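S.K.: I have a structure I would like to understand better, so I am pasting it below and will then ask my questions one at a time.
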Amino acid sequence: MNKRDVEFLYEIGTLRNLPRSWKQVLGMDVANDLEHMVRVMFLALIIARSEGVKDEGKILKMVLVHDLAETRTGDFNYVQKVYVDPDEHRAAKDLFAGTVLDSLRQTFLSEYEERKSIEAKIVKDADNLDVDIEMKEFEEQGSLLPKKWKAFRRKVRDEKLYTKSAKKLWELIEKSDPASWHMTANKWVKMPKAGK
């Protein structure tokens, strides 16, 4: 453990200040990179368990490193990626350099980017599905963009999702109500005598 480990911790903390770049298109608040990573972790675990994949530790480590280079490169949306080719390998290498965590980058980031292992495919599926969940939340807030993106997101489901479980989860998300968890978990439902 050394000074670089502490610097690393401060640097990853800056992800809370990094909104995902599609804010430019949406014109509304979007999840920052840290918020995105938390939900991707849980999405990946749900997919992994549904697929019967046992190495959840590997999946979680892969989720943790998959977007960390964005502390140095920023986040690029679908249009920006046509014109910009950030050196994410160099950014990740420099980010982890001199830390006790460098093996995470060496082991998990390359595997994630190759998309050959089931774990890497699960993490990418989770990364994609987080967009769909956020789209449902925007729809709930009255945004028209989710409706406009529906065909595009269906194309992502059909052509980009790797696992059957992710495709099933996509369908469930499409039919879901973002507020239903609150309506079934509040005190009026759980404690019928509350407020009397």
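Lettering and numbering for the structure tokens are positional, with chains as A, B, ... in the shown order, residues counted from 1 in each chain, and ligands counted from 1 in the shown order.
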Neighbours of Glu140 (chain A) within 10 Å (only C-alpha atoms; same-chain residues fewer than 6 positions away dropped), as a list in words?
M.R.: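 Those residues are Glu134, Pro146, Asp177, Pro178 and Ala179 of chain A.
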S.K.: If we count only C-alpha atoms and set the cut-off at 12 Å, which residues sit around Lys93 (chain A), ignoring sequence neighbours fewer than 4 positions away in its own chain? Please answer as a short mmCIF file (atom, residue, chain, number, x, y, z; two decimals) with C-alpha atoms, in the first residue's frame.
M.R.:
data_model
loop_
_atom_site.label_atom_id
_atom_site.label_comp_id
_atom_site.auth_asym_id
_atom_site.auth_seq_id
_atom_site.Cartn_x
_atom_site.Cartn_y
_atom_site.Cartn_z
CA PHE A 8 -6.50 6.16 -6.90
CA VAL A 65 -13.15 -1.79 -13.70
CA LEU A 68 -12.98 3.41 -14.54
CA ALA A 69 -10.83 4.80 -17.36
CA ARG A 72 -9.35 10.27 -17.51
CA ASP A 87 -7.11 5.72 -25.49
CA GLU A 88 -8.91 3.82 -22.74
CA HIS A 89 -6.14 1.22 -22.45
CA ALA A 97 -0.15 2.18 -12.27
CA GLY A 98 1.67 1.87 -8.96
CA THR A 99 -1.41 0.69 -7.04
CA LEU A 101 -4.94 -3.08 -7.62
CA ASP A 102 -3.12 -3.10 -10.97
CA SER A 103 -3.80 -6.82 -11.38
CA LEU A 104 -7.55 -6.02 -11.56
CA ARG A 105 -6.94 -4.04 -14.72
CA GLN A 106 -4.61 -6.64 -16.17
CA THR A 107 -6.94 -9.53 -15.44
CA LEU A 109 -10.45 -5.23 -18.11
CA SER A 110 -8.91 -7.09 -21.05
#
S.K.: Excluding Met41 (chain A) and residues on its chain fewer than 5 positions from it, collect all residues at most 9 Å away from it, counting only C-alpha atoms, and give them as a PyMOL selection string.
M.R.: chain A and resi 36+46+59-60+63-64+123+126-127
S.K.: What's the 8 Å shell around Tyr112 (chain A), counting only C-alpha atoms, without same-chain residues fewer than 2 positions away, as an NGL selection string?
M.R.: :A and (62 or 66 or 108-110 or 114-117 or 119-121 or 123-124)
S.K.: Suppose you want the space between CA of Leu26 (chain A) and CA of Lys150 (chain A); what is it in Å?
M.R.: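 Value for the CA of Leu26 (chain A)-CA of Lys150 (chain A) distance: 14.5 Å.
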S.K.: For the atom pair CA of Lys175 (chain A) and CA of Ser50 (chain A), what is the interatomic distance in Å to one decimal place?
M.R.: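 Rounded to one decimal, the two atoms are 18.9 Å apart.
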S.K.: Can you list, as a VMD selection string, every residue of region 55-185 of chain A that DSSP puts in helix (DSSP H, G or I)?
M.R.: chain A and resid 56 to 66 70 to 73 80 to 83 88 to 96 102 to 114 118 to 140 145 to 160 164 to 175 180 to 185
S.K.: At what distance in Å, to one decimal, does CA of Gly74 (chain A) lie from CA of Val100 (chain A)?
M.R.: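 Interatomic distance, CA of Val100 (chain A) to CA of Gly74 (chain A): 23.8 Å.
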S.K.: Do a neighbour search on Gly52 (chain A) at 12 Å with only C-alpha atoms, toss out local chain neighbours closer than 2 positions, and write the hits as a short mmCIF file (atom, residue, chain, number, x, y, z; two decimals) with N, CA and C atoms, in the first residue's frame.
M.R.:
data_model
loop_
_atom_site.label_atom_id
_atom_site.label_comp_id
_atom_site.auth_asym_id
_atom_site.auth_seq_id
_atom_site.Cartn_x
_atom_site.Cartn_y
_atom_site.Cartn_z
N ALA A 44 -25.83 -7.30 -13.24
CA ALA A 44 -24.92 -8.41 -13.59
C ALA A 44 -25.14 -9.60 -12.68
N LEU A 45 -25.36 -9.36 -11.39
CA LEU A 45 -25.62 -10.47 -10.47
C LEU A 45 -26.94 -11.17 -10.80
N ILE A 46 -27.97 -10.41 -11.13
CA ILE A 46 -29.26 -11.01 -11.50
C ILE A 46 -29.10 -11.87 -12.75
N ILE A 47 -28.40 -11.35 -13.75
CA ILE A 47 -28.19 -12.12 -14.98
C ILE A 47 -27.35 -13.36 -14.70
N ALA A 48 -26.28 -13.20 -13.93
CA ALA A 48 -25.38 -14.32 -13.63
C ALA A 48 -26.14 -15.45 -12.93
N ARG A 49 -26.92 -15.10 -11.93
CA ARG A 49 -27.68 -16.14 -11.22
C ARG A 49 -28.72 -16.78 -12.12
N SER A 50 -29.33 -15.99 -12.98
CA SER A 50 -30.32 -16.54 -13.91
C SER A 50 -29.67 -17.46 -14.94
N LYS A 54 -21.49 -19.08 -11.67
CA LYS A 54 -21.15 -19.10 -10.25
C LYS A 54 -20.13 -18.07 -9.80
N ASP A 55 -19.23 -17.63 -10.67
CA ASP A 55 -18.12 -16.77 -10.23
C ASP A 55 -18.56 -15.31 -10.15
N GLU A 56 -19.35 -15.01 -9.12
CA GLU A 56 -19.87 -13.66 -8.96
C GLU A 56 -18.76 -12.67 -8.61
N ILE A 118 -18.23 -15.83 -20.57
CA ILE A 118 -19.63 -15.61 -20.19
C ILE A 118 -19.72 -14.45 -19.20
N GLU A 119 -18.72 -14.31 -18.33
CA GLU A 119 -18.74 -13.22 -17.36
C GLU A 119 -18.66 -11.86 -18.05
N ILE A 122 -21.96 -11.11 -19.65
CA ILE A 122 -22.95 -10.73 -18.64
C ILE A 122 -22.76 -9.27 -18.23
N THR A 163 -26.95 -12.80 -23.58
CA THR A 163 -27.56 -13.90 -22.83
C THR A 163 -29.08 -13.91 -22.95
N LYS A 164 -29.65 -15.11 -22.83
CA LYS A 164 -31.11 -15.25 -22.83
C LYS A 164 -31.71 -14.51 -21.64
N SER A 165 -31.02 -14.58 -20.51
CA SER A 165 -31.53 -13.92 -19.31
C SER A 165 -31.59 -12.41 -19.48
#
S.K.: Closest to Arg4 (chain A) among A:Ala185, A:Pro192, A:Leu95, A:Glu113, using only C-alpha atoms?
M.R.: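 Under the stated criterion, the closest residue is A:Leu95.
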S.K.: What's around Thr73 (chain A) at 12 Å? Count only C-alpha atoms, leave out sequence neighbours fewer than 5 positions away in its own chain, and write the answer as a list of chain:residue names.
M.R.: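 Close residues of Thr73 (chain A): A:Leu15, A:Leu18, A:Arg20, A:Ser21, A:Asp67, A:Leu68, A:Val84, A:Asp85, A:Pro86, A:Asp87, A:Glu88, A:His89, A:Arg90, A:Ala91, A:Ala92, A:Asp94, A:Leu95.
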S.K.: Selected residues, N, CA and C atoms, written as an mmCIF file, in the first residue's frame, please.
M.R.:
data_model
loop_
_atom_site.group_PDB
_atom_site.id
_atom_site.type_symbol
_atom_site.label_atom_id
_atom_site.label_comp_id
_atom_site.auth_asym_id
_atom_site.auth_seq_id
_atom_site.Cartn_x
_atom_site.Cartn_y
_atom_site.Cartn_z
ATOM 1 N N LEU A 15 -15.700 10.151 -10.179
ATOM 2 C CA LEU A 15 -16.746 9.617 -11.057
ATOM 3 C C LEU A 15 -18.127 10.127 -10.655
ATOM 4 N N LEU A 18 -19.004 12.977 -12.804
ATOM 5 C CA LEU A 18 -18.952 12.733 -14.246
ATOM 6 C C LEU A 18 -20.295 12.197 -14.737
ATOM 7 N N ARG A 20 -23.019 10.907 -17.357
ATOM 8 C CA ARG A 20 -22.887 10.186 -18.618
ATOM 9 C C ARG A 20 -23.216 11.151 -19.745
ATOM 10 N N SER A 21 -22.500 11.015 -20.833
ATOM 11 C CA SER A 21 -22.509 12.048 -21.877
ATOM 12 C C SER A 21 -23.838 12.186 -22.611
ATOM 13 N N ASP A 67 -15.632 0.794 -16.485
ATOM 14 C CA ASP A 67 -15.727 2.202 -16.895
ATOM 15 C C ASP A 67 -14.751 3.121 -16.159
ATOM 16 N N LEU A 68 -13.858 2.569 -15.361
ATOM 17 C CA LEU A 68 -12.985 3.414 -14.544
ATOM 18 C C LEU A 68 -12.092 4.340 -15.358
ATOM 19 N N VAL A 84 -14.562 10.231 -31.936
ATOM 20 C CA VAL A 84 -13.531 10.218 -30.903
ATOM 21 C C VAL A 84 -13.133 8.781 -30.593
ATOM 22 N N ASP A 85 -11.854 8.546 -30.515
ATOM 23 C CA ASP A 85 -11.339 7.230 -30.153
ATOM 24 C C ASP A 85 -10.424 7.390 -28.941
ATOM 25 N N PRO A 86 -11.017 7.430 -27.734
ATOM 26 C CA PRO A 86 -10.191 7.650 -26.552
ATOM 27 C C PRO A 86 -9.246 6.472 -26.316
ATOM 28 N N ASP A 87 -8.091 6.758 -25.784
ATOM 29 C CA ASP A 87 -7.109 5.717 -25.486
ATOM 30 C C ASP A 87 -7.401 5.155 -24.095
ATOM 31 N N GLU A 88 -8.462 4.355 -24.024
ATOM 32 C CA GLU A 88 -8.908 3.821 -22.739
ATOM 33 C C GLU A 88 -7.899 2.860 -22.133
ATOM 34 N N HIS A 89 -7.166 2.133 -22.973
ATOM 35 C CA HIS A 89 -6.144 1.216 -22.449
ATOM 36 C C HIS A 89 -5.070 1.994 -21.705
ATOM 37 N N ARG A 90 -4.594 3.053 -22.320
ATOM 38 C CA ARG A 90 -3.555 3.878 -21.690
ATOM 39 C C ARG A 90 -4.101 4.548 -20.429
ATOM 40 N N ALA A 91 -5.329 5.059 -20.513
ATOM 41 C CA ALA A 91 -5.938 5.713 -19.355
ATOM 42 C C ALA A 91 -6.064 4.740 -18.189
ATOM 43 N N ALA A 92 -6.532 3.523 -18.461
ATOM 44 C CA ALA A 92 -6.667 2.519 -17.400
ATOM 45 C C ALA A 92 -5.305 2.114 -16.856
ATOM 46 N N ASP A 94 -2.547 3.893 -16.782
ATOM 47 C CA ASP A 94 -2.029 4.992 -15.965
ATOM 48 C C ASP A 94 -2.808 5.143 -14.662
ATOM 49 N N LEU A 95 -4.112 4.932 -14.714
ATOM 50 C CA LEU A 95 -4.945 5.028 -13.518
ATOM 51 C C LEU A 95 -4.514 4.013 -12.459
#
